[in-house]
Amino acid sequence: MVTPKGAITTSNKPRRSTLQDVASEAGVSFSAVSKVIRGASGVSPQMRERVTAAIEKLGYRPHAGARAMRGKSYTIGVMIVQMESPFQPEVVLGITEALQTTPYQEVVIVGGIPPERQKRSIEALMDRQVDGLIVVAPWMEAEWLEELGAKIPTVVVARHGTANAFDTVVDDEYQGARLMVDYLVKLGHKRIVHTSMPSGGLEPFVLSHTARRYGYEEAMLRHGLAPAVVETSYSEAGGYIAALQAFSAIDRPTAIFAGADIAALGVLRAAEEHGLRVPEDLTVVGYDNIYVSAIGRVALTTVDQSGQLTGANSARLLLERIEGRAQPAHYVLAPQLVTRRTSGPPASEGQSSGSRNRSVHRQ
């Protein structure tokens with residue numbers, strides 16, 4: 001049959017399954033299906049299994065808009081600053097894994113560096129009526145975050161400082177940087193350059209890179225050494241630029257402590273281009289222990305702060321907030337020094353590369 005021009009035809013697209021369809025398929029009540037989907041208590045394993053099987057068979061997907069009108073959307077908004085930072089996607093992975101056994105689904109958005117753009121990104125997540133927010137390394141002022149936390153359950157990652165209306169998850173980066181400096185000094189290094197970024201003027205709150213810088217400076221002074229900080233960016237290009245600046249100094253450093261592993265990769269590139277052997281001529285270390293750091297050709301000495309564990313704890317705290325906890329929580333992860341092949345005594349020690357222990361170990 002030929003459809004007349006301009007006639008409206010009905011779609012052959014299958015009807016979307018409903019909660020009632022799932023209840024009929026599983027042979028249980030509508031309220032029982034709702035309990036299973038919400039993860040409510042009082043549901044037997046047998047009923048949960050029957051309802052889950054029916055959901056999979058029918059391909060049922062909850063309608064976010066309808067759920068939001070009933071009071072919950074069962075979505076968690078996650079804002080990261082940039083995809084180029086390997087640590088932040090690792091945090092998202094930890095959030096994803098933590099939410100797998102819950103009815104909640106994460107919605108991830110990249111906010112970018114400018115604070116105003118980050119604010120717009122967070123507001124866009126709120127427009128989707130998410131039930132809570134996890135924001136990673138935000139640059140906006142403390143007052144704005146406090147107002148945000150008063151409106152919606154919020155966890156802020158990688159931002160040091162006390163908060164009244166939101167939770168925080170951080171690594172003890174002061175201690176992590178001190179661990180690294182102590183290790184380098186023990187190897188015999190005295191000229192240790194640290195790469196960082198501008199503070200952003202967020203005091204009394206500080207972001208991760210500022211906490212690491214403070215830890216580095218405190219440890220250097222404690223050892224009677226002069227701190228030397230190069231501010232660029234936490235990127236491969238930023239590390240490369242910082243290394244070139246360090247190489248141009250009259251007293252070239254024997255060690256470069258990059259504030260992030262991604263920046264340490266740029267330092268390694270600059271060292272190779274300048275014919276410097278690592279670690280024979282230059283020790284290079286980082287912070288974060290991202291996946292690429294453990295690859296054999298890189299084998300970077302670094303500080304482990306576990307992005308996945310950070311994400312998992314962020315999700316846990318947020319779910320507690322959503323369930324009604326009102327008091328703010330501040331969760332601090334303990335850093336761990338991981339030594340690999342990019343670190344060794346300075347050349348002045350007169351040791352050959354073949355005599356150094358290059359084994360990988362954890363302290």
# chains A, B, ... in the order shown; residues from 1 in each chain; ligands from 1
$ select_by_dssp --residues "range 73-139 of chain A" --states "strand (DSSP E)" --output "list in words"
Thr75, Ile76, Gly77, Val78, Met79, Ile80, Gln105, Glu106, Val107, Val108, Ile109, Val110, Gly132, Leu133, Ile134, Val135 and Val136 of chain A
$ write_last_selection --atoms "C-alpha atoms" --output "compact mmCIF listing (two decimals), in the first residue's frame"
# COMPACT_ATOMS: atom_id res chain seq x y z
CA THR A 75 21.57 9.97 39.09
CA ILE A 76 24.81 11.37 40.48
CA GLY A 77 26.40 14.37 38.79
CA VAL A 78 30.20 14.23 38.47
CA MET A 79 32.22 17.22 37.29
CA ILE A 80 35.91 16.86 36.46
CA GLN A 105 23.97 6.12 37.72
CA GLU A 106 26.73 8.70 37.31
CA VAL A 107 26.49 11.52 34.77
CA VAL A 108 29.94 12.96 33.99
CA ILE A 109 30.66 16.43 32.65
CA VAL A 110 33.98 18.16 31.90
CA GLY A 132 23.91 14.66 44.44
CA LEU A 133 27.19 16.04 43.12
CA ILE A 134 30.83 14.98 43.16
CA VAL A 135 33.11 17.75 41.91
CA VAL A 136 36.80 17.08 41.31
$ closest_atom_pairs --of "range 301-330 of chain A" --to "range 271-294 of chain A" --cutoff "6 Å" --atoms "only C-alpha atoms" --output "Markdown table"
| residue | atom | partner | partner_atom | distance |
| --- | --- | --- | --- | --- |
| A:Thr301 | CA | A:Val285 | CA | 5.0 |
| A:Thr302 | CA | A:Gly286 | CA | 4.5 |
| A:Val303 | CA | A:Tyr287 | CA | 4.6 |
| A:Asp304 | CA | A:Asn289 | CA | 4.7 |
| A:Gln305 | CA | A:Asp288 | CA | 5.6 |
$ select_by_dssp --residues "range 80-246 of chain A" --states "helix (DSSP H, G or I)" --output "number ranges by chain"
A: 87-99, 115-127, 142-151, 173-187, 208-222, 236-246
$ residues_around --residues "range 208-215 of chain A" --least-positions-apart "5" --cutoff "12 Å" --atoms "only C-alpha atoms" --output "CSV table (one decimal) with all heavy atoms, in the first residue's frame"
chain,number,residue,atom,x,y,z
A,87,PHE,N,44.7,11.4,36.4
A,87,PHE,CA,44.2,11.1,37.7
A,87,PHE,C,42.6,11.2,37.8
A,87,PHE,O,42.0,10.4,38.4
A,87,PHE,CB,44.8,12.0,38.7
A,87,PHE,CG,44.3,11.8,40.1
A,87,PHE,CD1,44.6,10.7,40.8
A,87,PHE,CD2,43.5,12.8,40.7
A,87,PHE,CE1,44.1,10.5,42.1
A,87,PHE,CE2,43.0,12.6,42.0
A,87,PHE,CZ,43.3,11.5,42.7
A,136,VAL,N,35.4,17.4,41.2
A,136,VAL,CA,36.8,17.1,41.3
A,136,VAL,C,37.7,18.3,41.0
A,136,VAL,O,37.6,18.9,39.9
A,136,VAL,CB,37.2,15.9,40.4
A,136,VAL,CG1,38.6,15.5,40.6
A,136,VAL,CG2,36.3,14.7,40.6
A,137,ALA,N,38.5,18.7,42.0
A,137,ALA,CA,39.4,19.8,41.9
A,137,ALA,C,38.8,21.1,41.3
A,137,ALA,O,39.3,21.7,40.4
A,137,ALA,CB,40.6,19.4,40.9
A,138,PRO,N,37.8,21.6,42.0
A,138,PRO,CA,37.1,22.8,41.5
A,138,PRO,C,37.9,24.0,41.9
A,138,PRO,O,38.5,24.1,42.9
A,138,PRO,CB,35.8,22.8,42.2
A,138,PRO,CG,36.0,22.1,43.5
A,138,PRO,CD,37.0,21.0,43.1
A,139,TRP,N,37.9,25.0,41.0
A,139,TRP,CA,38.6,26.3,41.2
A,139,TRP,C,37.8,27.4,41.8
A,139,TRP,O,38.3,28.5,42.0
A,139,TRP,CB,39.3,26.7,39.9
A,139,TRP,CG,40.4,25.9,39.5
A,139,TRP,CD1,40.4,24.6,39.0
A,139,TRP,CD2,41.8,26.2,39.5
A,139,TRP,NE1,41.7,24.2,38.7
A,139,TRP,CE2,42.6,25.2,39.0
A,139,TRP,CE3,42.5,27.4,39.9
A,139,TRP,CZ2,43.9,25.2,38.9
A,139,TRP,CZ3,43.9,27.4,39.8
A,139,TRP,CH2,44.6,26.3,39.3
A,156,VAL,N,33.4,17.3,47.5
A,156,VAL,CA,34.4,18.0,46.8
A,156,VAL,C,35.7,17.2,46.9
A,156,VAL,O,36.1,16.8,48.0
A,156,VAL,CB,34.6,19.4,47.2
A,156,VAL,CG1,35.7,20.1,46.5
A,156,VAL,CG2,33.3,20.2,47.1
A,157,VAL,N,36.3,16.9,45.8
A,157,VAL,CA,37.5,16.0,45.7
A,157,VAL,C,38.7,16.9,45.4
A,157,VAL,O,38.7,17.8,44.6
A,157,VAL,CB,37.4,14.9,44.7
A,157,VAL,CG1,38.7,14.1,44.5
A,157,VAL,CG2,36.2,14.0,45.0
A,158,ALA,N,39.8,16.6,46.2
A,158,ALA,CA,41.1,17.3,45.9
A,158,ALA,C,41.2,18.7,46.2
A,158,ALA,O,41.8,19.5,45.6
A,158,ALA,CB,41.6,17.0,44.5
A,159,ARG,N,40.4,19.1,47.3
A,159,ARG,CA,40.4,20.5,47.8
A,159,ARG,C,40.6,20.5,49.3
A,159,ARG,O,39.7,20.0,50.0
A,159,ARG,CB,39.2,21.2,47.3
A,159,ARG,CG,39.2,22.7,47.7
A,159,ARG,CD,38.3,23.5,46.8
A,159,ARG,NE,38.0,24.8,47.4
A,159,ARG,CZ,37.7,25.9,46.6
A,159,ARG,NH1,37.6,25.8,45.3
A,159,ARG,NH2,37.4,27.0,47.2
A,160,HIS,N,41.7,21.0,49.8
A,160,HIS,CA,41.9,20.9,51.2
A,160,HIS,C,41.3,22.1,51.9
A,160,HIS,O,41.3,23.2,51.5
A,160,HIS,CB,43.5,21.0,51.4
A,160,HIS,CG,44.2,19.8,50.9
A,160,HIS,ND1,44.6,18.8,51.7
A,160,HIS,CD2,44.5,19.5,49.6
A,160,HIS,CE1,45.2,17.9,50.9
A,160,HIS,NE2,45.2,18.3,49.7
A,161,GLY,N,40.8,21.8,53.1
A,161,GLY,CA,40.2,22.9,54.0
A,161,GLY,C,38.9,22.4,54.6
A,161,GLY,O,38.3,21.5,54.1
A,169,VAL,N,37.1,14.9,50.1
A,169,VAL,CA,38.0,13.7,50.0
A,169,VAL,C,39.3,14.2,49.4
A,169,VAL,O,39.3,14.7,48.3
A,169,VAL,CB,37.4,12.6,49.1
A,169,VAL,CG1,38.4,11.4,49.0
A,169,VAL,CG2,36.1,12.1,49.7
A,170,VAL,N,40.4,14.0,50.2
A,170,VAL,CA,41.7,14.5,49.7
A,170,VAL,C,42.7,13.4,50.1
A,170,VAL,O,42.5,12.6,50.9
A,170,VAL,CB,42.1,15.8,50.4
A,170,VAL,CG1,41.1,16.9,50.0
A,170,VAL,CG2,42.2,15.7,51.9
A,171,ASP,N,43.9,13.5,49.4
A,171,ASP,CA,45.1,12.8,49.8
A,171,ASP,C,45.8,13.7,50.7
A,171,ASP,O,45.8,14.9,50.6
A,171,ASP,CB,45.9,12.5,48.5
A,171,ASP,CG,47.2,11.8,48.8
A,171,ASP,OD1,47.2,10.8,49.5
A,171,ASP,OD2,48.3,12.4,48.5
A,172,ASP,N,46.6,13.1,51.6
A,172,ASP,CA,47.4,13.9,52.5
A,172,ASP,C,48.7,14.4,51.7
A,172,ASP,O,49.8,13.8,51.9
A,172,ASP,CB,47.9,13.1,53.8
A,172,ASP,CG,48.6,14.0,54.8
A,172,ASP,OD1,48.9,15.2,54.5
A,172,ASP,OD2,48.8,13.5,55.9
A,173,GLU,N,48.5,15.3,50.9
A,173,GLU,CA,49.5,15.7,49.9
A,173,GLU,C,50.6,16.5,50.6
A,173,GLU,O,51.8,16.5,50.1
A,173,GLU,CB,48.9,16.5,48.8
A,173,GLU,CG,48.2,15.6,47.8
A,173,GLU,CD,46.9,16.2,47.2
A,173,GLU,OE1,46.1,16.9,47.9
A,173,GLU,OE2,46.7,15.9,46.0
A,174,TYR,N,50.4,17.2,51.7
A,174,TYR,CA,51.5,17.8,52.5
A,174,TYR,C,52.5,16.7,52.8
A,174,TYR,O,53.7,16.8,52.6
A,174,TYR,CB,51.0,18.4,53.7
A,174,TYR,CG,50.0,19.5,53.6
A,174,TYR,CD1,48.6,19.3,53.6
A,174,TYR,CD2,50.4,20.8,53.3
A,174,TYR,CE1,47.7,20.3,53.5
A,174,TYR,CE2,49.5,21.9,53.2
A,174,TYR,CZ,48.2,21.6,53.2
A,174,TYR,OH,47.3,22.6,53.1
A,175,GLN,N,51.9,15.6,53.4
A,175,GLN,CA,52.8,14.5,53.8
A,175,GLN,C,53.4,13.8,52.6
A,175,GLN,O,54.6,13.3,52.7
A,175,GLN,CB,52.0,13.5,54.7
A,175,GLN,CG,52.7,12.2,55.1
A,175,GLN,CD,53.9,12.5,56.0
A,175,GLN,OE1,54.1,13.6,56.5
A,175,GLN,NE2,54.8,11.5,56.1
A,176,GLY,N,52.6,13.6,51.5
A,176,GLY,CA,53.2,12.9,50.3
A,176,GLY,C,54.4,13.6,49.8
A,176,GLY,O,55.4,13.0,49.4
A,177,ALA,N,54.3,15.0,49.7
A,177,ALA,CA,55.4,15.7,49.2
A,177,ALA,C,56.6,15.7,50.1
A,177,ALA,O,57.8,15.6,49.7
A,177,ALA,CB,55.0,17.2,49.0
A,178,ARG,N,56.4,15.7,51.4
A,178,ARG,CA,57.4,15.5,52.4
A,178,ARG,C,58.1,14.2,52.3
A,178,ARG,O,59.4,14.1,52.4
A,178,ARG,CB,56.9,15.7,53.8
A,178,ARG,CG,56.5,17.2,54.1
A,178,ARG,CD,56.3,17.4,55.6
A,178,ARG,NE,55.2,16.7,56.1
A,178,ARG,CZ,54.0,17.2,56.4
A,178,ARG,NH1,53.8,18.5,56.1
A,178,ARG,NH2,53.0,16.5,56.8
A,179,LEU,N,57.3,13.1,52.1
A,179,LEU,CA,57.9,11.8,51.9
A,179,LEU,C,58.9,11.8,50.7
A,179,LEU,O,60.0,11.2,50.8
A,179,LEU,CB,56.8,10.8,51.6
A,179,LEU,CG,56.0,10.3,52.8
A,179,LEU,CD1,54.9,9.4,52.3
A,179,LEU,CD2,56.9,9.5,53.8
A,180,MET,N,58.5,12.5,49.6
A,180,MET,CA,59.3,12.5,48.4
A,180,MET,C,60.6,13.2,48.6
A,180,MET,O,61.7,12.8,48.2
A,180,MET,CB,58.5,13.0,47.2
A,180,MET,CG,59.3,13.0,45.9
A,180,MET,SD,59.8,11.3,45.4
A,180,MET,CE,58.2,10.7,44.7
A,181,VAL,N,60.5,14.4,49.3
A,181,VAL,CA,61.7,15.2,49.5
A,181,VAL,C,62.7,14.4,50.4
A,181,VAL,O,63.9,14.4,50.2
A,181,VAL,CB,61.4,16.6,50.1
A,181,VAL,CG1,62.6,17.3,50.5
A,181,VAL,CG2,60.6,17.4,49.0
A,182,ASP,N,62.1,13.9,51.5
A,182,ASP,CA,63.0,13.1,52.4
A,182,ASP,C,63.7,12.0,51.7
A,182,ASP,O,64.9,11.7,52.0
A,182,ASP,CB,62.1,12.5,53.6
A,182,ASP,CG,61.6,13.6,54.5
A,182,ASP,OD1,62.1,14.7,54.5
A,182,ASP,OD2,60.7,13.2,55.3
A,193,VAL,N,64.4,20.6,42.3
A,193,VAL,CA,63.4,21.6,41.7
A,193,VAL,C,62.0,20.9,41.8
A,193,VAL,O,61.8,19.7,41.5
A,193,VAL,CB,63.7,22.0,40.3
A,193,VAL,CG1,62.6,22.7,39.6
A,193,VAL,CG2,65.0,22.9,40.3
A,194,HIS,N,61.0,21.7,42.1
A,194,HIS,CA,59.6,21.2,42.1
A,194,HIS,C,58.8,22.0,41.1
A,194,HIS,O,58.9,23.2,41.0
A,194,HIS,CB,59.0,21.5,43.5
A,194,HIS,CG,57.6,21.0,43.7
A,194,HIS,ND1,57.2,19.7,43.5
A,194,HIS,CD2,56.4,21.7,44.0
A,194,HIS,CE1,55.9,19.6,43.7
A,194,HIS,NE2,55.4,20.8,44.0
A,195,THR,N,58.0,21.3,40.3
A,195,THR,CA,57.1,21.9,39.3
A,195,THR,C,55.7,22.0,39.9
A,195,THR,O,55.2,21.0,40.5
A,195,THR,CB,57.0,21.2,38.0
A,195,THR,OG1,56.2,20.0,38.1
A,195,THR,CG2,58.4,20.8,37.6
A,196,SER,N,55.0,23.2,39.8
A,196,SER,CA,53.7,23.4,40.4
A,196,SER,C,52.9,24.2,39.4
A,196,SER,O,53.2,24.4,38.3
A,196,SER,CB,53.9,24.0,41.7
A,196,SER,OG,52.6,24.1,42.4
A,197,MET,N,51.7,24.7,39.9
A,197,MET,CA,50.9,25.6,39.2
A,197,MET,C,50.5,26.8,40.1
A,197,MET,O,50.7,26.7,41.3
A,197,MET,CB,49.6,24.9,38.8
A,197,MET,CG,49.7,23.8,37.8
A,197,MET,SD,48.2,23.2,37.1
A,197,MET,CE,47.3,22.6,38.5
A,198,PRO,N,50.0,27.9,39.6
A,198,PRO,CA,49.5,29.0,40.4
A,198,PRO,C,48.5,28.5,41.4
A,198,PRO,O,47.7,27.6,41.1
A,198,PRO,CB,49.0,30.0,39.4
A,198,PRO,CG,49.6,29.6,38.1
A,198,PRO,CD,49.8,28.2,38.1
A,199,SER,N,48.5,29.1,42.6
A,199,SER,CA,47.6,28.7,43.7
A,199,SER,C,46.1,29.0,43.4
A,199,SER,O,45.2,28.3,43.8
A,199,SER,CB,48.0,29.4,45.0
A,199,SER,OG,47.7,30.8,44.9
A,200,GLY,N,45.9,30.0,42.6
A,200,GLY,CA,44.5,30.3,42.2
A,200,GLY,C,43.8,31.3,43.3
A,200,GLY,O,42.7,31.6,43.1
A,201,GLY,N,44.6,31.6,44.3
A,201,GLY,CA,44.0,32.5,45.3
A,201,GLY,C,42.8,32.0,46.1
A,201,GLY,O,41.9,32.7,46.3
A,202,LEU,N,42.8,30.7,46.4
A,202,LEU,CA,41.6,30.1,47.0
A,202,LEU,C,41.7,29.9,48.5
A,202,LEU,O,40.9,29.3,49.1
A,202,LEU,CB,41.4,28.7,46.4
A,202,LEU,CG,41.1,28.7,44.9
A,202,LEU,CD1,41.0,27.2,44.4
A,202,LEU,CD2,39.8,29.4,44.6
A,203,GLU,N,42.8,30.5,49.1
A,203,GLU,CA,43.0,30.3,50.6
A,203,GLU,C,41.7,30.9,51.3
A,203,GLU,O,41.1,31.9,50.8
A,203,GLU,CB,44.2,31.1,51.0
A,203,GLU,CG,45.6,30.4,50.7
A,203,GLU,CD,46.0,30.7,49.2
A,203,GLU,OE1,45.2,31.4,48.5
A,203,GLU,OE2,47.0,30.2,48.8
A,220,MET,N,62.0,20.9,52.3
A,220,MET,CA,63.3,21.4,51.9
A,220,MET,C,63.9,22.3,53.0
A,220,MET,O,65.1,22.2,53.3
A,220,MET,CB,63.2,22.2,50.6
A,220,MET,CG,62.8,21.4,49.4
A,220,MET,SD,64.2,20.4,48.8
A,220,MET,CE,65.2,21.7,48.0
A,221,LEU,N,63.1,23.2,53.6
A,221,LEU,CA,63.6,24.1,54.6
A,221,LEU,C,64.1,23.3,55.9
A,221,LEU,O,65.1,23.6,56.5
A,221,LEU,CB,62.6,25.1,55.0
A,221,LEU,CG,62.2,26.1,53.9
A,221,LEU,CD1,61.0,27.0,54.3
A,221,LEU,CD2,63.4,27.0,53.6
A,222,ARG,N,63.3,22.2,56.2
A,222,ARG,CA,63.7,21.4,57.3
A,222,ARG,C,65.0,20.7,57.1
A,222,ARG,O,65.8,20.5,58.1
A,222,ARG,CB,62.6,20.3,57.5
A,222,ARG,CG,62.9,19.3,58.6
A,222,ARG,CD,61.6,18.5,59.0
A,222,ARG,NE,60.8,18.1,57.9
A,222,ARG,CZ,61.0,17.0,57.2
A,222,ARG,NH1,62.0,16.2,57.4
A,222,ARG,NH2,60.2,16.7,56.2
A,227,PRO,N,64.3,25.9,48.6
A,227,PRO,CA,63.2,25.5,47.7
A,227,PRO,C,63.4,26.2,46.3
A,227,PRO,O,63.8,27.4,46.3
A,227,PRO,CB,61.9,25.9,48.4
A,227,PRO,CG,62.3,26.1,49.8
A,227,PRO,CD,63.7,26.6,49.8
A,228,ALA,N,63.1,25.5,45.3
A,228,ALA,CA,63.1,26.1,43.9
A,228,ALA,C,61.9,25.6,43.2
A,228,ALA,O,61.8,24.4,42.8
A,228,ALA,CB,64.4,25.7,43.2
A,229,VAL,N,60.9,26.5,43.0
A,229,VAL,CA,59.6,26.1,42.3
A,229,VAL,C,59.5,26.7,41.0
A,229,VAL,O,59.7,27.9,40.8
A,229,VAL,CB,58.4,26.5,43.2
A,229,VAL,CG1,57.1,26.1,42.6
A,229,VAL,CG2,58.5,25.8,44.6
A,230,VAL,N,59.1,25.9,40.0
A,230,VAL,CA,58.8,26.4,38.7
A,230,VAL,C,57.3,26.2,38.4
A,230,VAL,O,56.8,25.1,38.5
A,230,VAL,CB,59.6,25.7,37.6
A,230,VAL,CG1,59.2,26.2,36.2
A,230,VAL,CG2,61.0,25.8,37.8
A,231,GLU,N,56.5,27.3,38.2
A,231,GLU,CA,55.1,27.3,37.9
A,231,GLU,C,54.8,27.2,36.5
A,231,GLU,O,55.2,28.1,35.7
A,231,GLU,CB,54.4,28.5,38.5
A,231,GLU,CG,54.4,28.5,40.0
A,231,GLU,CD,53.5,29.7,40.6
A,231,GLU,OE1,53.1,30.5,39.7
A,231,GLU,OE2,53.3,29.7,41.8
A,232,THR,N,54.2,26.1,36.1
A,232,THR,CA,53.7,25.9,34.7
A,232,THR,C,52.3,25.4,34.7
A,232,THR,O,51.4,26.0,35.3
A,232,THR,CB,54.6,25.1,33.8
A,232,THR,OG1,54.8,23.8,34.5
A,232,THR,CG2,56.0,25.7,33.6
A,233,SER,N,52.1,24.2,34.2
A,233,SER,CA,50.8,23.5,34.3
A,233,SER,C,51.0,22.0,34.5
A,233,SER,O,52.1,21.5,34.3
A,233,SER,CB,50.0,23.7,33.0
A,233,SER,OG,50.6,23.1,31.9
A,234,TYR,N,50.0,21.4,35.1
A,234,TYR,CA,50.1,19.9,35.2
A,234,TYR,C,49.7,19.2,33.9
A,234,TYR,O,48.5,18.8,33.7
A,234,TYR,CB,49.1,19.5,36.4
A,234,TYR,CG,49.7,19.6,37.7
A,234,TYR,CD1,51.0,20.1,37.9
A,234,TYR,CD2,49.0,19.2,38.9
A,234,TYR,CE1,51.6,20.2,39.2
A,234,TYR,CE2,49.6,19.2,40.1
A,234,TYR,CZ,50.8,19.8,40.3
A,234,TYR,OH,51.4,19.9,41.6
A,257,PHE,N,61.3,17.2,41.0
A,257,PHE,CA,60.1,16.6,41.6
A,257,PHE,C,58.9,17.2,40.9
A,257,PHE,O,58.5,18.3,41.3
A,257,PHE,CB,60.1,16.9,43.1
A,257,PHE,CG,58.9,16.5,43.8
A,257,PHE,CD1,57.9,15.6,43.3
A,257,PHE,CD2,58.7,17.0,45.1
A,257,PHE,CE1,56.8,15.2,44.0
A,257,PHE,CE2,57.5,16.6,45.8
A,257,PHE,CZ,56.6,15.7,45.3
A,258,ALA,N,58.4,16.6,39.9
A,258,ALA,CA,57.2,17.1,39.2
A,258,ALA,C,55.9,16.9,40.1
A,258,ALA,O,55.8,15.9,40.7
A,258,ALA,CB,57.0,16.3,37.9
A,259,GLY,N,55.1,18.0,40.1
A,259,GLY,CA,53.9,17.9,41.0
A,259,GLY,C,52.9,16.9,40.6
A,259,GLY,O,52.0,16.6,41.3
A,260,ALA,N,53.0,16.4,39.4
A,260,ALA,CA,52.1,15.4,38.9
A,260,ALA,C,52.8,14.5,37.9
A,260,ALA,O,53.7,14.9,37.2
A,260,ALA,CB,50.8,16.0,38.2
A,261,ASP,N,52.4,13.2,37.8
A,261,ASP,CA,53.1,12.3,36.9
A,261,ASP,C,53.0,12.7,35.5
A,261,ASP,O,54.0,12.5,34.7
A,261,ASP,CB,52.4,10.9,37.0
A,261,ASP,CG,52.7,10.2,38.3
A,261,ASP,OD1,53.6,10.7,39.1
A,261,ASP,OD2,52.2,9.1,38.6
A,263,ALA,N,53.1,15.7,34.3
A,263,ALA,CA,54.2,16.7,34.1
A,263,ALA,C,55.5,16.0,34.1
A,263,ALA,O,56.5,16.4,33.4
A,263,ALA,CB,54.1,17.7,35.2
A,286,GLY,N,57.5,12.0,40.4
A,286,GLY,CA,56.2,12.6,40.2
A,286,GLY,C,55.3,12.4,41.3
A,286,GLY,O,55.8,12.1,42.5
A,287,TYR,N,54.0,12.6,41.1
A,287,TYR,CA,53.0,12.4,42.1
A,287,TYR,C,51.7,11.9,41.4
A,287,TYR,O,51.3,12.5,40.4
A,287,TYR,CB,52.7,13.7,42.8
A,287,TYR,CG,52.2,13.6,44.2
A,287,TYR,CD1,52.9,13.9,45.4
A,287,TYR,CD2,50.9,13.1,44.4
A,287,TYR,CE1,52.4,13.8,46.6
A,287,TYR,CE2,50.4,12.9,45.7
A,287,TYR,CZ,51.1,13.3,46.8
A,287,TYR,OH,50.6,13.2,48.1
A,288,ASP,N,51.0,11.0,42.0
A,288,ASP,CA,49.7,10.4,41.5
A,288,ASP,C,49.8,8.9,41.3
A,288,ASP,O,48.8,8.2,41.5
A,288,ASP,CB,49.2,11.1,40.3
A,288,ASP,CG,48.7,12.5,40.5
A,288,ASP,OD1,48.3,12.8,41.6
A,288,ASP,OD2,48.7,13.3,39.5
A,303,VAL,N,54.4,9.2,44.0
A,303,VAL,CA,53.6,9.0,45.3
A,303,VAL,C,52.3,8.5,44.9
A,303,VAL,O,51.6,9.1,44.0
A,303,VAL,CB,53.5,10.4,46.0
A,303,VAL,CG1,52.6,10.2,47.3
A,303,VAL,CG2,54.9,10.9,46.5
A,305,GLN,N,48.4,8.0,45.4
A,305,GLN,CA,47.3,8.4,46.2
A,305,GLN,C,46.0,7.8,45.7
A,305,GLN,O,44.9,8.1,46.2
A,305,GLN,CB,47.1,10.0,46.0
A,305,GLN,CG,46.8,10.5,44.7
A,305,GLN,CD,46.4,11.9,44.7
A,305,GLN,OE1,45.9,12.4,45.6
A,305,GLN,NE2,46.6,12.6,43.5
A,335,PRO,N,49.1,8.8,51.7
A,335,PRO,CA,50.0,8.6,50.5
A,335,PRO,C,51.0,7.5,50.7
A,335,PRO,O,51.3,7.2,51.9
A,335,PRO,CB,50.7,10.0,50.4
A,335,PRO,CG,50.8,10.5,51.8
A,335,PRO,CD,49.5,10.0,52.5
$ closest_residue --among "A:Trp144, A:Tyr240, A:Phe30, A:Tyr331" --to "Glu116 in chain A" --atoms "only C-alpha atoms"
A:Trp144
$ closest_residue --among "A:Lys190, A:His223, A:Arg316, A:Arg128" --to "Leu99 in chain A" --atoms "only C-alpha atoms"
A:Arg316
$ atom_distance --atom1 "CA of Ile122 in chain A" --atom2 "CA of Val91 in chain A"
17.3 Å
$ closest_residue --among "A:Met140, A:Leu309, A:Glu123, A:Glu49" --to "Val332 in chain A" --atoms "only C-alpha atoms"
A:Leu309
$ closest_residue --among "A:Leu317, A:Ala334, A:Ile152, A:Val267" --to "Gln129 in chain A" --atoms "only C-alpha atoms"
A:Ile152
$ atom_distance --atom1 "CA of Ala53 in chain A" --atom2 "CA of Gly311 in chain A"
29.6 Å
$ residues_around --residues "His189 in chain A" --least-positions-apart "2" --cutoff "10 Å" --atoms "only C-alpha atoms" --output "count of residues only"
20
$ closest_residue --among "A:Ala124, A:Val92, A:Ile295, A:Leu318" --to "His330 in chain A" --atoms "only C-alpha atoms"
A:Leu318
